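For reference, the structure discussed in these notes is given below.
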Amino acid sequence: MNAYATVTLDSIRRATARPPRGLPGQLHMTPPYRDRITPPQISNPNYGAVLILLYPEHGELHFVLMRRTEHHLDRHRGQISLPGGRREPTDADDIATALREAREELGAPLDGVQVLCALSELYIPPSNFYIAPVVACVPERPVFDPDAGEVAELIEVPLSLLMDPHTRVVEEWLMPGAEGARNSVMMPFYDVRGHKVWGATAMVLAEFAAMVMDELHVAPGIDVEPLGAADLPAHMHEVHMAYRAAFAAPPYGEGAAELTRFAQTLPRHVDRDGFRLVVAREATTRQIVGFAYGYTGRPGQWWYDTVAAALGDARAREWMSDCFEFVEMALLPVMQGYGIGGRLHDALLDGQRQRTAILSTYRADTNAMMLYRKRGWEPLLEDFVYPSDSPTEDKPFVIMGKRLARL
């Protein structure tokens with residue numbers, strides 16, 4: 001029995017008492033093209049709600065999904081979804097919508113239902129819908145009598161299956177593009193007993209799973225290993241998604257411009273002397289959930305020259321004449337708190353022959369800052385602001401250094 005099979009309703013209550021994880025929790029299952037098809041301004045959206053309904057069965061908590069009929073009226077016919085639907089004028093709120101739609105579609109009265117929380121509202125571009133996910137529980141398994149006009153099949157899912165790393169799969173899909181073209185994308189989905197659960201439904205479930213995993217203080221088995229520069233292009237999307245998920249969360253709040261900057265600079269950094277990249281992978285799925293990379297600092301590089309000038313000649317010679325630049329470290333928020341960041345840090349610096357290492361990090365009490373302090377990094381410059389023509393790019397950083405043990 002895996003660790004998740006023992007999750008109790010009490011632990012679910014504690015998990016759902018915290019604020020929802022929002023976009024960082026959803027990104028683990030976000031389609032890679034989502035940003036491109038989301039309009040910059042959303043006009044006249046529809047509103048609805050969906051329900052994650054928990055109930056006991058065979059000594060374990062379950063929830064129910066449904067496969068929509070092929071003649072369903074909306075654009076999601078035939079897909080796997082949570083019970084739910086459009087908000088009606090008579091619905092008092094999102095909870096009322098979710099419960100009413102679930103009762104109608106599942107054909108169950110949901111006696112004794114208790115609402116545990118609402119998750120983050122999610123926009124669905126193809127149908128121009130905002131959905132509000134609701135989590136609720138009932139004391140025993142409902143007797144289902146699904147609406148044959150809307151539900152082709154009910155799929156009862158053990159909660160442990162949702163969080164089992166074997167369940168998450170990424171494979172190449174051909175998706176419709178402009179003018180009849182078909183674009184190749186690497187699509188994440190949950191493989192639930194042969195059913196592919198993807199898109200908005202997977203994102204809602206990912207946020208819920210992230211909250212439960214936080215409460216359990218467990219994570220899937222993780223391997224930390226080097227990834228060669230020649231192998232990086234095949235895994236660039238996973239690396240980008242880990243970066244985006246990590247830095248979309250507070251206190252960073254980075255947007256599309258920062259993701260674009262990272263996507264442009266990483267391929268250039270690969271060719272620099274001493275480039276090293278280490279990744280954290282789920283041991284079973286081999287999915288990259290975090291990474292760290294750096295290279296040998298050299299005069300003539302923008303970051304090196306900018307920081308050296310700020311340090312002054314004497315301190316620049318002391319700290320940067322023979323240094324390894326610890327450039328980036330990112331970890332999916334759902335994987336934080338289990339020591340994985342420390343393992344990435346140590347693996348990146350292990351065996352480095354430079355005299356020092358140097359980095360910059362946000363001036364805030366972030367998980368990264370706490371890790372660097374524990375690992376012996378010391379502040380060299382505080383309240384450092386990178387030169388920029390943009391008045392919005394004025395976040396203060398701390399430049400930190402670490403003396404390395406030469407071999």
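In the structure tokens, chains take the letters A, B, ... in the order shown, each chain's residues start at 1, and ligands count up from 1 in the order shown.
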
(message) I want to know what sits within 8 Å of stretch 241-250 of chain A, based on only C-alpha atoms, with residues of the same chain fewer than 2 positions away left out; could you give that as a list of chain:residue names?
(response) A:Leu23, A:Pro24, A:Gly25, A:Leu27, A:His28, A:His237, A:Glu238, A:Val239, A:Tyr252, A:Gly253, A:Glu254, A:Gly255, A:Leu259, A:Ile288, A:Val289, A:Gly290, A:Phe291, A:Ala330, A:Leu331, A:Leu332, A:Pro333

Any chance you can output those residues with all heavy atoms as a compact mmCIF listing (two decimals), in the first residue's frame?
# COMPACT_ATOMS: atom_id res chain seq x y z
N LEU A 23 -2.36 29.00 -9.51
CA LEU A 23 -1.65 28.63 -10.72
C LEU A 23 -0.45 27.72 -10.48
O LEU A 23 -0.25 26.75 -11.22
CB LEU A 23 -1.21 29.90 -11.46
CG LEU A 23 -0.44 29.70 -12.76
CD1 LEU A 23 -1.28 28.96 -13.79
CD2 LEU A 23 0.03 31.04 -13.32
N PRO A 24 0.40 27.95 -9.45
CA PRO A 24 1.52 27.03 -9.25
C PRO A 24 1.08 25.58 -9.05
O PRO A 24 1.77 24.67 -9.51
CB PRO A 24 2.20 27.60 -7.99
CG PRO A 24 1.86 29.04 -8.00
CD PRO A 24 0.45 29.10 -8.54
N GLY A 25 -0.04 25.36 -8.38
CA GLY A 25 -0.52 24.00 -8.22
C GLY A 25 -1.07 23.41 -9.50
O GLY A 25 -0.96 22.21 -9.75
N LEU A 27 -0.09 24.21 -12.64
CA LEU A 27 0.85 24.17 -13.76
C LEU A 27 1.41 22.78 -14.03
O LEU A 27 1.84 22.49 -15.15
CB LEU A 27 2.01 25.14 -13.50
CG LEU A 27 1.70 26.61 -13.77
CD1 LEU A 27 2.86 27.48 -13.33
CD2 LEU A 27 1.39 26.84 -15.23
N HIS A 28 1.43 21.92 -13.03
CA HIS A 28 1.95 20.57 -13.20
C HIS A 28 1.20 19.83 -14.31
O HIS A 28 1.74 18.92 -14.93
CB HIS A 28 1.81 19.82 -11.87
CG HIS A 28 2.62 18.58 -11.75
ND1 HIS A 28 3.94 18.50 -12.15
CD2 HIS A 28 2.30 17.34 -11.29
CE1 HIS A 28 4.39 17.28 -11.92
NE2 HIS A 28 3.42 16.56 -11.41
N HIS A 237 10.92 21.68 -22.63
CA HIS A 237 9.58 22.04 -22.17
C HIS A 237 9.42 21.76 -20.67
O HIS A 237 8.86 22.58 -19.93
CB HIS A 237 8.51 21.29 -22.95
CG HIS A 237 7.12 21.48 -22.41
ND1 HIS A 237 6.47 22.69 -22.46
CD2 HIS A 237 6.28 20.63 -21.77
CE1 HIS A 237 5.28 22.58 -21.89
NE2 HIS A 237 5.14 21.35 -21.46
N GLU A 238 9.91 20.62 -20.21
CA GLU A 238 9.80 20.29 -18.79
C GLU A 238 10.57 21.28 -17.94
O GLU A 238 10.10 21.70 -16.86
CB GLU A 238 10.32 18.88 -18.54
CG GLU A 238 9.51 17.77 -19.19
CD GLU A 238 10.21 16.43 -19.00
OE1 GLU A 238 10.09 15.86 -17.90
OE2 GLU A 238 10.87 15.98 -19.95
N VAL A 239 11.75 21.67 -18.40
CA VAL A 239 12.55 22.65 -17.66
C VAL A 239 11.82 24.00 -17.62
O VAL A 239 11.75 24.65 -16.57
CB VAL A 239 13.95 22.79 -18.30
CG1 VAL A 239 14.72 23.95 -17.69
CG2 VAL A 239 14.73 21.48 -18.12
N TYR A 252 7.62 35.83 -5.98
CA TYR A 252 8.21 36.19 -7.26
C TYR A 252 7.18 36.84 -8.19
O TYR A 252 7.37 37.95 -8.67
CB TYR A 252 8.82 34.95 -7.92
CG TYR A 252 9.77 34.21 -7.01
CD1 TYR A 252 9.43 32.96 -6.49
CD2 TYR A 252 11.00 34.76 -6.66
CE1 TYR A 252 10.29 32.28 -5.65
CE2 TYR A 252 11.87 34.08 -5.82
CZ TYR A 252 11.51 32.84 -5.31
OH TYR A 252 12.35 32.18 -4.48
N GLY A 253 6.11 36.12 -8.47
CA GLY A 253 5.05 36.68 -9.30
C GLY A 253 5.51 37.04 -10.70
O GLY A 253 5.01 37.99 -11.31
N GLU A 254 6.46 36.28 -11.24
CA GLU A 254 6.96 36.62 -12.58
C GLU A 254 5.94 36.23 -13.64
O GLU A 254 5.24 35.23 -13.52
CB GLU A 254 8.29 35.89 -12.83
CG GLU A 254 9.40 36.27 -11.88
CD GLU A 254 9.92 37.68 -12.10
OE1 GLU A 254 9.39 38.39 -12.98
OE2 GLU A 254 10.85 38.09 -11.39
N GLY A 255 5.89 37.01 -14.71
CA GLY A 255 4.92 36.77 -15.76
C GLY A 255 5.57 36.26 -17.03
O GLY A 255 6.68 35.71 -17.03
N LEU A 259 9.45 34.52 -18.25
CA LEU A 259 9.55 33.19 -18.84
C LEU A 259 10.23 33.26 -20.20
O LEU A 259 11.08 32.42 -20.53
CB LEU A 259 8.16 32.57 -18.97
CG LEU A 259 8.13 31.17 -19.60
CD1 LEU A 259 8.87 30.16 -18.73
CD2 LEU A 259 6.68 30.72 -19.82
N ILE A 288 10.66 15.68 -15.09
CA ILE A 288 11.52 16.66 -14.44
C ILE A 288 10.65 17.60 -13.60
O ILE A 288 9.71 18.21 -14.10
CB ILE A 288 12.33 17.45 -15.47
CG1 ILE A 288 13.36 16.53 -16.14
CG2 ILE A 288 13.03 18.65 -14.82
CD1 ILE A 288 14.12 17.19 -17.27
N VAL A 289 10.95 17.67 -12.31
CA VAL A 289 10.18 18.51 -11.39
C VAL A 289 11.01 19.68 -10.86
O VAL A 289 10.48 20.55 -10.17
CB VAL A 289 9.62 17.70 -10.22
CG1 VAL A 289 8.69 16.60 -10.73
CG2 VAL A 289 10.74 17.10 -9.36
N GLY A 290 12.29 19.72 -11.17
CA GLY A 290 13.14 20.81 -10.73
C GLY A 290 14.51 20.72 -11.38
O GLY A 290 14.87 19.70 -11.97
N PHE A 291 15.27 21.79 -11.27
CA PHE A 291 16.60 21.81 -11.90
C PHE A 291 17.44 22.90 -11.25
O PHE A 291 16.93 23.80 -10.57
CB PHE A 291 16.50 22.07 -13.40
CG PHE A 291 16.03 23.45 -13.75
CD1 PHE A 291 16.93 24.50 -13.94
CD2 PHE A 291 14.68 23.73 -13.87
CE1 PHE A 291 16.51 25.78 -14.23
CE2 PHE A 291 14.24 25.02 -14.15
CZ PHE A 291 15.15 26.05 -14.33
N ALA A 330 15.16 26.00 -9.73
CA ALA A 330 13.69 26.07 -9.72
C ALA A 330 13.15 24.69 -9.37
O ALA A 330 13.71 23.67 -9.78
CB ALA A 330 13.16 26.54 -11.07
N LEU A 331 12.05 24.69 -8.65
CA LEU A 331 11.42 23.44 -8.21
C LEU A 331 9.91 23.65 -8.19
O LEU A 331 9.44 24.69 -7.70
CB LEU A 331 11.92 23.06 -6.81
CG LEU A 331 11.49 21.71 -6.24
CD1 LEU A 331 12.03 20.56 -7.07
CD2 LEU A 331 11.97 21.60 -4.79
N LEU A 332 9.16 22.71 -8.74
CA LEU A 332 7.71 22.81 -8.69
C LEU A 332 7.25 23.05 -7.26
O LEU A 332 7.71 22.38 -6.34
CB LEU A 332 7.06 21.52 -9.21
CG LEU A 332 7.23 21.19 -10.69
CD1 LEU A 332 6.53 19.86 -10.99
CD2 LEU A 332 6.67 22.28 -11.57
N PRO A 333 6.36 24.00 -7.03
CA PRO A 333 5.90 24.26 -5.67
C PRO A 333 5.40 23.03 -4.94
O PRO A 333 5.61 22.89 -3.74
CB PRO A 333 4.79 25.30 -5.87
CG PRO A 333 5.19 26.03 -7.11
CD PRO A 333 5.80 24.98 -8.00

(request) With a distance cut-off of 9 Å and only C-alpha atoms, select the neighbouring residues of stretch 104-116 of chain A, excluding the residue or stretch itself and same-chain residues fewer than 4 positions from it, and output the selection as a list in words. (result) Ile12, Arg13, Thr16, Ala17, Leu53, Met66, Pro83, Gly84, Ile95, Leu99, Arg100, Val134, Val135, Ala136, Cys137, Val138, Pro139, Glu140, Pro142, Val143, Phe144, Asp145, Pro146, Asp147, Ala148, Gly149, Glu150, Val151 and Leu154 of chain A

Could you write out that same residue set with N, CA, C and O atoms as a compact mmCIF listing (two decimals), in the first residue's frame?
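Generated output (selection_12.txt):
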# COMPACT_ATOMS: atom_id res chain seq x y z
N ILE A 12 -7.63 15.49 4.84
CA ILE A 12 -8.21 16.29 3.77
C ILE A 12 -8.76 17.60 4.34
O ILE A 12 -8.59 18.68 3.75
N ARG A 13 -9.42 17.51 5.48
CA ARG A 13 -9.96 18.73 6.09
C ARG A 13 -8.85 19.72 6.43
O ARG A 13 -8.99 20.93 6.22
N THR A 16 -7.52 21.25 3.09
CA THR A 16 -8.42 22.19 2.44
C THR A 16 -8.74 23.40 3.30
O THR A 16 -9.39 24.34 2.83
N ALA A 17 -8.29 23.40 4.55
CA ALA A 17 -8.45 24.60 5.38
C ALA A 17 -7.46 25.68 5.01
O ALA A 17 -7.62 26.85 5.38
N LEU A 53 -16.04 15.22 -5.50
CA LEU A 53 -16.86 14.60 -4.47
C LEU A 53 -16.12 13.42 -3.86
O LEU A 53 -15.85 12.42 -4.55
N MET A 66 -16.57 11.51 -14.84
CA MET A 66 -17.54 10.99 -15.79
C MET A 66 -17.07 11.24 -17.22
O MET A 66 -16.40 12.24 -17.50
N PRO A 83 -18.06 16.12 -12.43
CA PRO A 83 -19.46 16.54 -12.52
C PRO A 83 -19.56 18.05 -12.30
O PRO A 83 -18.86 18.62 -11.48
N GLY A 84 -20.44 18.68 -13.06
CA GLY A 84 -20.62 20.12 -12.94
C GLY A 84 -21.18 20.69 -14.21
O GLY A 84 -21.41 19.98 -15.20
N ILE A 95 -21.08 27.11 -5.03
CA ILE A 95 -21.33 25.85 -4.33
C ILE A 95 -22.69 25.28 -4.73
O ILE A 95 -22.83 24.09 -5.01
N LEU A 99 -23.19 21.61 -6.59
CA LEU A 99 -24.00 20.55 -5.98
C LEU A 99 -25.23 20.23 -6.84
O LEU A 99 -25.57 19.05 -7.02
N ARG A 100 -25.88 21.25 -7.38
CA ARG A 100 -27.06 21.00 -8.21
C ARG A 100 -26.69 20.19 -9.45
O ARG A 100 -27.34 19.19 -9.79
N VAL A 134 -15.20 23.03 -6.56
CA VAL A 134 -15.63 22.87 -5.18
C VAL A 134 -15.25 21.47 -4.72
O VAL A 134 -15.38 20.50 -5.49
N VAL A 135 -14.75 21.34 -3.49
CA VAL A 135 -14.44 20.04 -2.90
C VAL A 135 -15.45 19.77 -1.78
O VAL A 135 -15.68 20.63 -0.92
N ALA A 136 -16.05 18.59 -1.82
CA ALA A 136 -17.04 18.23 -0.81
C ALA A 136 -16.92 16.75 -0.51
O ALA A 136 -16.25 16.00 -1.24
N CYS A 137 -17.56 16.30 0.57
CA CYS A 137 -17.52 14.89 0.94
C CYS A 137 -18.90 14.45 1.40
O CYS A 137 -19.73 15.25 1.84
N VAL A 138 -19.16 13.15 1.27
CA VAL A 138 -20.36 12.52 1.81
C VAL A 138 -19.92 11.35 2.68
O VAL A 138 -18.84 10.77 2.47
N PRO A 139 -20.73 10.98 3.68
CA PRO A 139 -20.28 9.97 4.65
C PRO A 139 -20.20 8.56 4.09
O PRO A 139 -19.52 7.70 4.68
N GLU A 140 -20.89 8.27 3.00
CA GLU A 140 -20.82 6.93 2.41
C GLU A 140 -20.97 7.05 0.90
O GLU A 140 -21.40 8.08 0.38
N PRO A 142 -22.32 7.21 -2.61
CA PRO A 142 -23.66 7.45 -3.12
C PRO A 142 -24.12 6.29 -4.02
O PRO A 142 -23.30 5.56 -4.60
N VAL A 143 -25.41 6.14 -4.14
CA VAL A 143 -25.98 5.23 -5.14
C VAL A 143 -26.18 6.06 -6.39
O VAL A 143 -27.03 6.96 -6.44
N PHE A 144 -25.38 5.79 -7.43
CA PHE A 144 -25.40 6.61 -8.63
C PHE A 144 -26.44 6.11 -9.63
O PHE A 144 -26.59 4.90 -9.84
N ASP A 145 -27.12 7.05 -10.25
CA ASP A 145 -28.05 6.76 -11.35
C ASP A 145 -27.85 7.86 -12.39
O ASP A 145 -28.67 8.76 -12.52
N PRO A 146 -26.73 7.79 -13.14
CA PRO A 146 -26.33 8.93 -13.97
C PRO A 146 -27.32 9.24 -15.09
O PRO A 146 -28.02 8.35 -15.60
N ASP A 147 -27.35 10.51 -15.47
CA ASP A 147 -28.19 11.00 -16.56
C ASP A 147 -27.64 10.46 -17.88
O ASP A 147 -26.56 10.86 -18.32
N ALA A 148 -28.38 9.58 -18.54
CA ALA A 148 -27.90 8.95 -19.76
C ALA A 148 -27.72 9.94 -20.90
O ALA A 148 -26.96 9.68 -21.85
N GLY A 149 -28.38 11.08 -20.84
CA GLY A 149 -28.21 12.08 -21.88
C GLY A 149 -26.89 12.81 -21.80
O GLY A 149 -26.44 13.39 -22.79
N GLU A 150 -26.25 12.83 -20.63
CA GLU A 150 -25.01 13.57 -20.45
C GLU A 150 -23.83 12.68 -20.09
O GLU A 150 -22.69 13.03 -20.38
N VAL A 151 -24.08 11.55 -19.45
CA VAL A 151 -23.00 10.73 -18.90
C VAL A 151 -22.97 9.38 -19.59
O VAL A 151 -23.92 8.58 -19.49
N LEU A 154 -19.45 6.44 -15.66
CA LEU A 154 -18.89 6.96 -14.42
C LEU A 154 -17.59 6.23 -14.12
O LEU A 154 -17.48 5.01 -14.31

(request) Give me the residues within 10 Å of A:His269 as an MDAnalysis selection string, counting only C-alpha atoms and dropping any in the same chain fewer than 3 places off. (result) chainID A and resid 229 264:266 272:276 293:295 327

(message) Taking the DSSP secondary structure from the backbone, can you list the residues of stretch 172-377 of chain A that are alpha helix (DSSP H), as a ChimeraX atom specification?
(response) /A:199-216,236-248,256-269,302-311,313-320,340-349,367-374

With DSSP run on the backbone, what are the strand (DSSP E or B) residues within stretch 54-239 of chain A? I'd like them as a tab-separated table (two decimals) with N, CA and C atoms, in the first residue's frame.
chain	number	residue	atom	x	y	z
A	54	LEU	N	-15.77	13.53	-2.59
A	54	LEU	CA	-15.04	12.47	-1.89
A	54	LEU	C	-16.01	11.60	-1.11
A	55	TYR	N	-15.74	10.29	-1.14
A	55	TYR	CA	-16.57	9.35	-0.38
A	55	TYR	C	-15.74	8.09	-0.11
A	56	PRO	N	-16.07	7.36	0.96
A	56	PRO	CA	-15.31	6.15	1.29
A	56	PRO	C	-15.81	4.95	0.47
A	57	GLU	N	-14.87	4.12	0.08
A	57	GLU	CA	-15.20	2.88	-0.62
A	57	GLU	C	-14.02	1.92	-0.46
A	60	GLU	N	-11.04	3.25	1.54
A	60	GLU	CA	-10.20	4.31	0.98
A	60	GLU	C	-11.10	5.39	0.39
A	61	LEU	N	-10.64	6.64	0.46
A	61	LEU	CA	-11.39	7.73	-0.14
A	61	LEU	C	-11.33	7.65	-1.66
A	62	HIS	N	-12.46	7.87	-2.29
A	62	HIS	CA	-12.58	7.90	-3.74
A	62	HIS	C	-13.19	9.24	-4.17
A	63	PHE	N	-13.10	9.52	-5.47
A	63	PHE	CA	-13.87	10.60	-6.08
A	63	PHE	C	-14.36	10.09	-7.43
A	64	VAL	N	-15.29	10.81	-8.04
A	64	VAL	CA	-15.90	10.30	-9.26
A	64	VAL	C	-15.66	11.26	-10.42
A	65	LEU	N	-15.31	10.68	-11.56
A	65	LEU	CA	-15.23	11.37	-12.83
A	65	LEU	C	-16.31	10.81	-13.75
A	66	MET	N	-16.57	11.51	-14.84
A	66	MET	CA	-17.54	10.99	-15.79
A	66	MET	C	-17.07	11.24	-17.22
A	67	ARG	N	-17.37	10.29	-18.08
A	67	ARG	CA	-17.11	10.47	-19.52
A	67	ARG	C	-18.39	10.99	-20.15
A	68	ARG	N	-18.27	12.16	-20.77
A	68	ARG	CA	-19.45	12.77	-21.36
A	68	ARG	C	-19.87	12.00	-22.63
A	80	ILE	N	-13.31	13.27	-20.50
A	80	ILE	CA	-13.45	12.95	-19.08
A	80	ILE	C	-13.52	14.25	-18.29
A	81	SER	N	-14.48	14.36	-17.40
A	81	SER	CA	-14.63	15.60	-16.65
A	81	SER	C	-15.12	15.29	-15.25
A	84	GLY	N	-20.44	18.68	-13.06
A	84	GLY	CA	-20.62	20.12	-12.94
A	84	GLY	C	-21.18	20.69	-14.21
A	85	GLY	N	-21.41	22.00	-14.21
A	85	GLY	CA	-21.96	22.63	-15.40
A	85	GLY	C	-22.21	24.11	-15.19
A	86	ARG	N	-23.06	24.64	-16.03
A	86	ARG	CA	-23.32	26.07	-16.13
A	86	ARG	C	-24.07	26.60	-14.90
A	114	GLN	N	-20.98	17.61	2.81
A	114	GLN	CA	-20.29	18.69	3.51
A	114	GLN	C	-19.29	19.33	2.55
A	115	VAL	N	-19.39	20.62	2.39
A	115	VAL	CA	-18.46	21.34	1.53
A	115	VAL	C	-17.18	21.62	2.31
A	116	LEU	N	-16.04	21.27	1.73
A	116	LEU	CA	-14.75	21.44	2.40
A	116	LEU	C	-14.04	22.72	1.97
A	117	CYS	N	-14.07	23.04	0.69
A	117	CYS	CA	-13.39	24.26	0.23
A	117	CYS	C	-13.75	24.53	-1.21
A	118	ALA	N	-13.39	25.71	-1.66
A	118	ALA	CA	-13.40	26.06	-3.08
A	118	ALA	C	-11.95	26.19	-3.53
A	122	LEU	N	-10.87	28.83	-12.70
A	122	LEU	CA	-10.05	28.48	-13.85
A	122	LEU	C	-10.79	28.84	-15.13
A	123	TYR	N	-10.08	29.47	-16.06
A	123	TYR	CA	-10.67	29.84	-17.34
A	123	TYR	C	-10.38	28.76	-18.38
A	124	ILE	N	-11.40	28.41	-19.17
A	124	ILE	CA	-11.27	27.40	-20.23
A	124	ILE	C	-11.43	28.11	-21.57
A	129	PHE	N	-15.32	29.65	-20.79
A	129	PHE	CA	-15.97	29.37	-19.51
A	129	PHE	C	-15.02	29.64	-18.36
A	130	TYR	N	-15.50	30.27	-17.31
A	130	TYR	CA	-14.84	30.25	-16.01
A	130	TYR	C	-15.51	29.17	-15.17
A	131	ILE	N	-14.71	28.28	-14.61
A	131	ILE	CA	-15.27	27.27	-13.72
A	131	ILE	C	-14.73	27.46	-12.31
A	132	ALA	N	-15.59	27.23	-11.35
A	132	ALA	CA	-15.22	27.32	-9.93
A	132	ALA	C	-15.24	25.91	-9.35
A	133	PRO	N	-14.09	25.33	-9.04
A	133	PRO	CA	-14.06	23.98	-8.47
A	133	PRO	C	-14.41	23.99	-6.98
A	134	VAL	N	-15.20	23.03	-6.56
A	134	VAL	CA	-15.63	22.87	-5.18
A	134	VAL	C	-15.25	21.47	-4.72
A	135	VAL	N	-14.75	21.34	-3.49
A	135	VAL	CA	-14.44	20.04	-2.90
A	135	VAL	C	-15.45	19.77	-1.78
A	136	ALA	N	-16.05	18.59	-1.82
A	136	ALA	CA	-17.04	18.23	-0.81
A	136	ALA	C	-16.92	16.75	-0.51
A	137	CYS	N	-17.56	16.30	0.57
A	137	CYS	CA	-17.52	14.89	0.94
A	137	CYS	C	-18.90	14.45	1.40
A	151	VAL	N	-24.08	11.55	-19.45
A	151	VAL	CA	-23.00	10.73	-18.90
A	151	VAL	C	-22.97	9.38	-19.59
A	152	ALA	N	-21.87	9.11	-20.29
A	152	ALA	CA	-21.70	7.81	-20.93
A	152	ALA	C	-21.14	6.78	-19.97
A	153	GLU	N	-20.35	7.25	-19.00
A	153	GLU	CA	-19.70	6.31	-18.07
A	153	GLU	C	-19.27	7.07	-16.83
A	154	LEU	N	-19.45	6.44	-15.66
A	154	LEU	CA	-18.89	6.96	-14.42
A	154	LEU	C	-17.59	6.23	-14.12
A	155	ILE	N	-16.61	6.98	-13.65
A	155	ILE	CA	-15.30	6.42	-13.33
A	155	ILE	C	-15.01	6.74	-11.89
A	156	GLU	N	-15.02	5.74	-11.04
A	156	GLU	CA	-14.75	5.93	-9.61
A	156	GLU	C	-13.25	5.74	-9.38
A	157	VAL	N	-12.62	6.75	-8.80
A	157	VAL	CA	-11.16	6.82	-8.75
A	157	VAL	C	-10.69	6.85	-7.30
A	158	PRO	N	-9.84	5.91	-6.88
A	158	PRO	CA	-9.22	6.04	-5.55
A	158	PRO	C	-8.37	7.31	-5.49
A	168	ARG	N	0.59	10.15	-13.75
A	168	ARG	CA	0.87	11.29	-14.61
A	168	ARG	C	1.73	10.86	-15.78
A	169	VAL	N	1.27	11.16	-16.99
A	169	VAL	CA	1.95	10.76	-18.22
A	169	VAL	C	2.11	12.00	-19.09
A	170	VAL	N	3.20	12.07	-19.82
A	170	VAL	CA	3.39	13.10	-20.82
A	170	VAL	C	3.69	12.42	-22.14
A	171	GLU	N	2.91	12.74	-23.18
A	171	GLU	CA	3.17	12.15	-24.48
A	171	GLU	C	2.91	13.17	-25.57
A	172	GLU	N	3.43	12.88	-26.76
A	172	GLU	CA	3.27	13.79	-27.89
A	172	GLU	C	1.87	13.67	-28.48
A	173	TRP	N	1.18	14.81	-28.56
A	173	TRP	CA	-0.14	14.88	-29.18
A	173	TRP	C	-0.09	15.83	-30.36
A	174	LEU	N	-0.91	15.56	-31.37
A	174	LEU	CA	-1.11	16.48	-32.48
A	174	LEU	C	-2.40	17.23	-32.24
A	175	MET	N	-2.30	18.54	-32.08
A	175	MET	CA	-3.45	19.38	-31.76
A	175	MET	C	-3.77	20.30	-32.94
A	176	PRO	N	-5.05	20.64	-33.14
A	176	PRO	CA	-5.42	21.53	-34.25
A	176	PRO	C	-4.72	22.88	-34.13
A	182	ARG	N	-1.76	20.98	-37.93
A	182	ARG	CA	-1.77	20.23	-36.68
A	182	ARG	C	-0.40	20.39	-36.02
A	183	ASN	N	-0.42	20.86	-34.79
A	183	ASN	CA	0.81	21.16	-34.07
A	183	ASN	C	1.15	20.04	-33.10
A	184	SER	N	2.41	19.70	-33.01
A	184	SER	CA	2.87	18.68	-32.07
A	184	SER	C	3.17	19.33	-30.72
A	185	VAL	N	2.56	18.81	-29.66
A	185	VAL	CA	2.80	19.32	-28.31
A	185	VAL	C	3.03	18.14	-27.37
A	186	MET	N	3.77	18.39	-26.30
A	186	MET	CA	3.95	17.38	-25.26
A	186	MET	C	2.88	17.62	-24.19
A	187	MET	N	1.90	16.74	-24.16
A	187	MET	CA	0.71	16.95	-23.34
A	187	MET	C	0.77	16.13	-22.05
A	188	PRO	N	0.63	16.79	-20.89
A	188	PRO	CA	0.51	16.04	-19.63
A	188	PRO	C	-0.94	15.61	-19.41
A	189	PHE	N	-1.12	14.40	-18.91
A	189	PHE	CA	-2.46	13.94	-18.57
A	189	PHE	C	-2.37	12.88	-17.48
A	190	TYR	N	-3.48	12.66	-16.79
A	190	TYR	CA	-3.59	11.56	-15.85
A	190	TYR	C	-4.14	10.34	-16.58
A	191	ASP	N	-3.42	9.24	-16.49
A	191	ASP	CA	-3.89	7.98	-17.05
A	191	ASP	C	-4.68	7.26	-15.96
A	192	VAL	N	-6.00	7.39	-16.00
A	192	VAL	CA	-6.87	6.82	-14.99
A	192	VAL	C	-7.53	5.58	-15.57
A	195	HIS	N	-8.23	5.86	-19.18
A	195	HIS	CA	-8.85	7.12	-19.57
A	195	HIS	C	-7.83	8.25	-19.44
A	196	LYS	N	-7.78	9.13	-20.44
A	196	LYS	CA	-6.86	10.26	-20.41
A	196	LYS	C	-7.58	11.49	-19.88
A	197	VAL	N	-7.15	11.94	-18.70
A	197	VAL	CA	-7.76	13.09	-18.04
A	197	VAL	C	-6.81	14.26	-18.21
A	222	ILE	N	12.32	10.72	-5.75
A	222	ILE	CA	13.01	11.70	-6.60
A	222	ILE	C	14.45	11.25	-6.84
A	223	ASP	N	14.87	11.30	-8.09
A	223	ASP	CA	16.26	11.11	-8.46
A	223	ASP	C	16.85	12.45	-8.87
A	224	VAL	N	18.03	12.79	-8.37
A	224	VAL	CA	18.75	13.99	-8.78
A	224	VAL	C	19.96	13.54	-9.59
A	225	GLU	N	20.07	14.04	-10.81
A	225	GLU	CA	21.10	13.55	-11.71
A	225	GLU	C	21.47	14.62	-12.73
A	226	PRO	N	22.67	14.52	-13.32
A	226	PRO	CA	23.05	15.51	-14.34
A	226	PRO	C	22.28	15.27	-15.63

(message) What's around A:Ala256 at 9 Å? Count only C-alpha atoms, leave out sequence neighbours fewer than 4 positions away in its own chain, and write the answer as a ChimeraX atom specification.
(response) /A:35,244,260-261

Residues just named, written with N, CA, C and O atoms as a tab-separated table (two decimals), in the first residue's frame:
chain	number	residue	atom	x	y	z
A	35	ASP	N	-1.22	29.31	-22.92
A	35	ASP	CA	-1.02	30.76	-23.00
A	35	ASP	C	-1.35	31.31	-24.38
A	35	ASP	O	-1.85	32.43	-24.52
A	244	ARG	N	8.60	28.09	-14.75
A	244	ARG	CA	7.39	28.91	-14.71
A	244	ARG	C	6.60	28.66	-13.44
A	244	ARG	O	6.12	29.58	-12.79
A	260	THR	N	9.88	34.28	-20.98
A	260	THR	CA	10.51	34.45	-22.29
A	260	THR	C	12.01	34.70	-22.14
A	260	THR	O	12.83	34.15	-22.90
A	261	ARG	N	12.37	35.54	-21.17
A	261	ARG	CA	13.80	35.80	-20.95
A	261	ARG	C	14.55	34.53	-20.62
A	261	ARG	O	15.62	34.26	-21.17
